[in-house]
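Engineer: My questions will all concern the structure given below.
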Amino acid sequence: MMVKSLSPSLALLTLLATCGASLVLTSSIVAAQTSVTLAPDVGVDPWRKLTVDRAYRAEGANVADFDRDGQLDLVCGAFWFKGPSFAARTRIHAGAAFPIGGYSDRFFAFVDDLDGDGWTDVLTIGLPGQSAFWYRNPGPSGTWTEHAVAAGIGLESPAYEDLDGDGVRELVCAQAGSLVRIVPDRSRPFAVWTTRALFRSTIFGPFTHGFGIGDVDGDGRKDLLTKDGWLQQPTSLAGDPDWKAHPYLFSPFGGAQMYCADLDGDGDADVVSSFHAHGWGLAWYEHVKRGSAIDFVPHIILPPTPPGPGTPRCSQLHALVVADFDGDGVPDIATGKTFWAHNGLDPGAFDPAEVWIFRTRRTAQGLRFDPQFVDGNSGVGRQLVAHDVDRDGKLDLVVGNKKGAAIHFNQR
């Protein structure tokens, strides 16, 4: 069905929004969305799940060809699992499985050739506020070795992207309240990475939710998305200038990864975000112009309150990815419940750990999102990766969380 729009005035709050203002916004959203209903199409375009590991090792997983045999492998926590069967595993570092009533010390796994030797390495991020390390792939023989990246990595959804366009990805996160990029020196791959300021502040703590990277203004430079607005990349990063803040309250509590994507096909960058990583709600924010200024119109996909019958009942959307899953050239949204995100204390904690695709449909009446059921006993962690794992031309989903590690193969 069609999603419901909100008045843009509900979201024109300052970057430093108070808790009171956030509560007012939440109440307004709840009042505006009570008639929203989506009709699930369970069984259409089925997905096939491969459970790689049942142990809780990390809150994220990723894929790369670690042994250079032409097949993608999976990394989750302390092991990588050899594709395409993913039965054999190799230890990367010390560490055992964790109880689901606690937390793993591995939240994110990124893959890259960090020392330039032709073998893909692994960059890991621990619990918010902890350190980041990278693990060197020894190639056909030897032991993986650990190397320090930086300490005190903040944000619940840090990113690993090339902000300055020099071909080298950087860890984008928070440190000591500020937004920063932590840059590797490829000429000295084993040195600790260098922290460069992006936005000097005190408000971005270790557990700040809601963050992403994308070109909001269409100038060809990547901007930063936060739950309270977006930060515009300056024309030059020389001297580490502060990025210009454009206030807009996307979500009062903060969701998961935030994305820029032209959902409605009008040539500009819309924004996708969950409302609350430990609650309910999912929305897209239509990019509009108010004179020369960029503004957004919010549209609800899933309500920020417990949904009624006929609507996917999925809370704790702590991981999210936007990509074209059905091959129609239009970005879709993949997300799901983060199983036991706060150990049973979050709303909907005892509901099934579902994964859903919301397929974007452009119609004469506006956008429609058709929910596609992926799985009912997997959910997501803090990281959700879209990748064509079996190289059949269709994007699959890679998950690591308290249910273990799994790949959802796209069978459309």
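Letters A, B, ... mark the chains of the structure tokens in the order given; residue numbers begin at 1 per chain; ligand numbers begin at 1, in order shown.
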Per residue of range 67-186 of chain A within 9 Å of range 191-211 of chain A, what are the shortest atom pair and its distance in Å to one decimal, counting only C-alpha atoms, with rows by chain and residue number, as CSV?
Structural biologist:
```
residue,atom,partner,partner_atom,distance
A:Leu127,CA,A:Pro206,CA,8.7
A:Pro128,CA,A:Pro206,CA,5.0
A:Gly129,CA,A:Pro206,CA,4.8
A:Gln130,CA,A:Pro206,CA,8.5
A:His147,CA,A:Val192,CA,8.0
A:Ala148,CA,A:Val192,CA,5.9
A:Val149,CA,A:Val192,CA,5.0
A:Ala150,CA,A:Trp193,CA,6.3
A:Gly152,CA,A:Pro206,CA,7.7
A:Ile153,CA,A:Pro206,CA,6.8
A:Gly154,CA,A:Pro206,CA,3.7
A:Leu155,CA,A:Thr208,CA,4.9
A:Glu156,CA,A:His209,CA,5.2
A:Ser157,CA,A:Phe211,CA,5.8
A:Pro158,CA,A:Phe211,CA,7.1
A:Ala159,CA,A:Phe211,CA,8.2
A:Cys173,CA,A:Phe211,CA,8.8
A:Ala174,CA,A:Phe204,CA,6.1
A:Gln175,CA,A:Gly205,CA,7.5
A:Ala176,CA,A:Thr202,CA,6.9
A:Gly177,CA,A:Thr202,CA,3.9
A:Ser178,CA,A:Ser201,CA,4.6
A:Leu179,CA,A:Phe199,CA,5.1
A:Val180,CA,A:Ala197,CA,4.5
A:Arg181,CA,A:Arg196,CA,5.3
A:Ile182,CA,A:Thr195,CA,4.4
A:Val183,CA,A:Thr194,CA,5.1
A:Pro184,CA,A:Trp193,CA,4.7
A:Asp185,CA,A:Trp193,CA,6.7
```
Engineer: Considering only C-alpha atoms, tabulate each residue of range 127-166 of chain A that lies at most 8 Å from range 64-78 of chain A along with its nearest interatomic pair and the corresponding distance in Å to one decimal; arrange the rows by chain and ascending residue number and present them as a Markdown table.
Structural biologist:
```
| residue | atom | partner | partner_atom | distance |
| --- | --- | --- | --- | --- |
| A:Asn137 | CA | A:Phe66 | CA | 7.5 |
| A:Gly139 | CA | A:Asp67 | CA | 6.8 |
| A:Pro140 | CA | A:Asp67 | CA | 6.8 |
```
Engineer: Could you pull out the strand (DSSP E) residues of range 103-345 of chain A, going by DSSP on the backbone, and write them as an MDAnalysis selection string?
Structural biologist: chainID A and resid 108:112 121:125 132:136 145:150 154:161 170:175 177:183 194:204 211:214 223:226 229:232 244:247 257:261 270:274 282:290 293:302 320:323 332:336
Engineer: As an exercise, work out the distance from CA of Glu286 in chain A to CA of Leu263 in chain A in Å and give it to one decimal place.
Structural biologist: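 Result for CA of Glu286 in chain A versus CA of Leu263 in chain A: 8.3 Å, one decimal.
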Engineer: Leaving out Gly327 in chain A and any residue of its chain fewer than 4 positions from it, which residues lie within 12 Å of it when counting only C-alpha atoms, given as a list in words?
Structural biologist: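 The neighbour list is Ala323, Pro331, Asp332, Arg359, Thr360, Gly393, Lys394, Leu395, Asn410, Gln411 and Arg412 of chain A.
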Engineer: Hey, can you spit out that residue selection with all heavy atoms as a PDB file, in the first residue's frame?
Structural biologist:
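part.pdb written:
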```
ATOM      1  N   ALA A 323      19.520  -1.178  -1.397  1.00  0.00           N
ATOM      2  CA  ALA A 323      20.110  -1.710  -2.626  1.00  0.00           C
ATOM      3  C   ALA A 323      18.983  -2.240  -3.503  1.00  0.00           C
ATOM      4  O   ALA A 323      17.846  -2.415  -3.046  1.00  0.00           O
ATOM      5  CB  ALA A 323      21.116  -2.824  -2.312  1.00  0.00           C
ATOM      6  N   PRO A 331      16.185   1.419  -5.962  1.00  0.00           N
ATOM      7  CA  PRO A 331      16.682   0.928  -4.674  1.00  0.00           C
ATOM      8  C   PRO A 331      15.546   0.431  -3.783  1.00  0.00           C
ATOM      9  O   PRO A 331      14.478   1.044  -3.697  1.00  0.00           O
ATOM     10  CB  PRO A 331      17.359   2.158  -4.058  1.00  0.00           C
ATOM     11  CG  PRO A 331      17.582   3.103  -5.188  1.00  0.00           C
ATOM     12  CD  PRO A 331      16.482   2.853  -6.160  1.00  0.00           C
ATOM     13  N   ASP A 332      15.787  -0.671  -3.111  1.00  0.00           N
ATOM     14  CA  ASP A 332      14.875  -1.239  -2.121  1.00  0.00           C
ATOM     15  C   ASP A 332      15.513  -1.136  -0.739  1.00  0.00           C
ATOM     16  O   ASP A 332      16.686  -0.752  -0.605  1.00  0.00           O
ATOM     17  CB  ASP A 332      14.577  -2.707  -2.454  1.00  0.00           C
ATOM     18  CG  ASP A 332      14.133  -2.906  -3.895  1.00  0.00           C
ATOM     19  OD1 ASP A 332      13.122  -2.282  -4.279  1.00  0.00           O
ATOM     20  OD2 ASP A 332      14.806  -3.651  -4.631  1.00  0.00           O
ATOM     21  N   ARG A 359      10.232  -3.542  -1.072  1.00  0.00           N
ATOM     22  CA  ARG A 359      10.508  -3.299  -2.489  1.00  0.00           C
ATOM     23  C   ARG A 359       9.847  -1.989  -2.917  1.00  0.00           C
ATOM     24  O   ARG A 359       8.633  -1.808  -2.778  1.00  0.00           O
ATOM     25  CB  ARG A 359      10.015  -4.475  -3.324  1.00  0.00           C
ATOM     26  CG  ARG A 359      10.750  -5.774  -2.996  1.00  0.00           C
ATOM     27  CD  ARG A 359      10.217  -6.937  -3.787  1.00  0.00           C
ATOM     28  NE  ARG A 359       8.808  -7.184  -3.470  1.00  0.00           N
ATOM     29  CZ  ARG A 359       8.063  -8.100  -4.066  1.00  0.00           C
ATOM     30  NH1 ARG A 359       8.580  -8.854  -5.026  1.00  0.00           N
ATOM     31  NH2 ARG A 359       6.806  -8.281  -3.735  1.00  0.00           N
ATOM     32  N   THR A 360      10.636  -1.093  -3.440  1.00  0.00           N
ATOM     33  CA  THR A 360      10.166   0.235  -3.819  1.00  0.00           C
ATOM     34  C   THR A 360       9.456   0.168  -5.165  1.00  0.00           C
ATOM     35  O   THR A 360      10.014  -0.324  -6.149  1.00  0.00           O
ATOM     36  CB  THR A 360      11.349   1.208  -3.901  1.00  0.00           C
ATOM     37  OG1 THR A 360      12.124   1.123  -2.706  1.00  0.00           O
ATOM     38  CG2 THR A 360      10.858   2.637  -4.082  1.00  0.00           C
ATOM     39  N   GLY A 393      24.169 -12.826 -10.136  1.00  0.00           N
ATOM     40  CA  GLY A 393      23.593 -11.582 -10.604  1.00  0.00           C
ATOM     41  C   GLY A 393      22.537 -10.996  -9.704  1.00  0.00           C
ATOM     42  O   GLY A 393      21.957  -9.951 -10.042  1.00  0.00           O
ATOM     43  N   LYS A 394      22.285 -11.610  -8.547  1.00  0.00           N
ATOM     44  CA  LYS A 394      21.274 -11.122  -7.614  1.00  0.00           C
ATOM     45  C   LYS A 394      21.924 -10.864  -6.263  1.00  0.00           C
ATOM     46  O   LYS A 394      22.759 -11.651  -5.797  1.00  0.00           O
ATOM     47  CB  LYS A 394      20.140 -12.135  -7.467  1.00  0.00           C
ATOM     48  CG  LYS A 394      19.419 -12.461  -8.775  1.00  0.00           C
ATOM     49  CD  LYS A 394      18.270 -13.408  -8.572  1.00  0.00           C
ATOM     50  CE  LYS A 394      18.683 -14.816  -8.221  1.00  0.00           C
ATOM     51  NZ  LYS A 394      19.285 -15.528  -9.350  1.00  0.00           N
ATOM     52  N   LEU A 395      21.522  -9.777  -5.617  1.00  0.00           N
ATOM     53  CA  LEU A 395      22.082  -9.428  -4.318  1.00  0.00           C
ATOM     54  C   LEU A 395      21.523 -10.327  -3.222  1.00  0.00           C
ATOM     55  O   LEU A 395      20.307 -10.511  -3.099  1.00  0.00           O
ATOM     56  CB  LEU A 395      21.783  -7.968  -3.980  1.00  0.00           C
ATOM     57  CG  LEU A 395      22.587  -6.910  -4.733  1.00  0.00           C
ATOM     58  CD1 LEU A 395      22.104  -5.521  -4.342  1.00  0.00           C
ATOM     59  CD2 LEU A 395      24.082  -7.058  -4.448  1.00  0.00           C
ATOM     60  N   ASN A 410      19.170 -14.808  -2.590  1.00  0.00           N
ATOM     61  CA  ASN A 410      18.067 -14.236  -3.338  1.00  0.00           C
ATOM     62  C   ASN A 410      17.678 -15.192  -4.462  1.00  0.00           C
ATOM     63  O   ASN A 410      18.477 -15.451  -5.363  1.00  0.00           O
ATOM     64  CB  ASN A 410      18.510 -12.870  -3.901  1.00  0.00           C
ATOM     65  CG  ASN A 410      17.398 -12.057  -4.503  1.00  0.00           C
ATOM     66  OD1 ASN A 410      16.321 -12.574  -4.776  1.00  0.00           O
ATOM     67  ND2 ASN A 410      17.660 -10.778  -4.697  1.00  0.00           N
ATOM     68  N   GLN A 411      16.438 -15.691  -4.441  1.00  0.00           N
ATOM     69  CA  GLN A 411      15.977 -16.698  -5.401  1.00  0.00           C
ATOM     70  C   GLN A 411      14.937 -16.133  -6.379  1.00  0.00           C
ATOM     71  O   GLN A 411      14.161 -16.903  -6.922  1.00  0.00           O
ATOM     72  CB  GLN A 411      15.364 -17.885  -4.649  1.00  0.00           C
ATOM     73  CG  GLN A 411      16.302 -18.537  -3.668  1.00  0.00           C
ATOM     74  CD  GLN A 411      17.452 -19.256  -4.347  1.00  0.00           C
ATOM     75  OE1 GLN A 411      17.255 -20.303  -4.966  1.00  0.00           O
ATOM     76  NE2 GLN A 411      18.643 -18.712  -4.247  1.00  0.00           N
ATOM     77  N   ARG A 412      14.912 -14.810  -6.547  1.00  0.00           N
ATOM     78  CA  ARG A 412      13.854 -14.233  -7.406  1.00  0.00           C
ATOM     79  C   ARG A 412      13.926 -14.778  -8.835  1.00  0.00           C
ATOM     80  O   ARG A 412      14.985 -15.155  -9.324  1.00  0.00           O
ATOM     81  CB  ARG A 412      13.960 -12.698  -7.417  1.00  0.00           C
ATOM     82  CG  ARG A 412      15.100 -12.151  -8.229  1.00  0.00           C
ATOM     83  CD  ARG A 412      14.969 -10.675  -8.485  1.00  0.00           C
ATOM     84  NE  ARG A 412      15.871 -10.262  -9.526  1.00  0.00           N
ATOM     85  CZ  ARG A 412      17.151  -9.947  -9.362  1.00  0.00           C
ATOM     86  NH1 ARG A 412      17.655  -9.969  -8.153  1.00  0.00           N
ATOM     87  NH2 ARG A 412      17.916  -9.612 -10.391  1.00  0.00           N
TER      88      ARG A 412
END
```
Engineer: Nearest residue to Val321 in chain A out of A:His93, A:His387, A:His408, A:Arg136, using only C-alpha atoms?
Structural biologist: A:His387
Engineer: Restricting the calculation to only C-alpha atoms, which member of A:Ala109, A:Asp264, A:His246, A:Asp390 is positioned closest to Arg362 in chain A?
Structural biologist: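 Of all the options, A:Asp264 lies closest to Arg362 in chain A.
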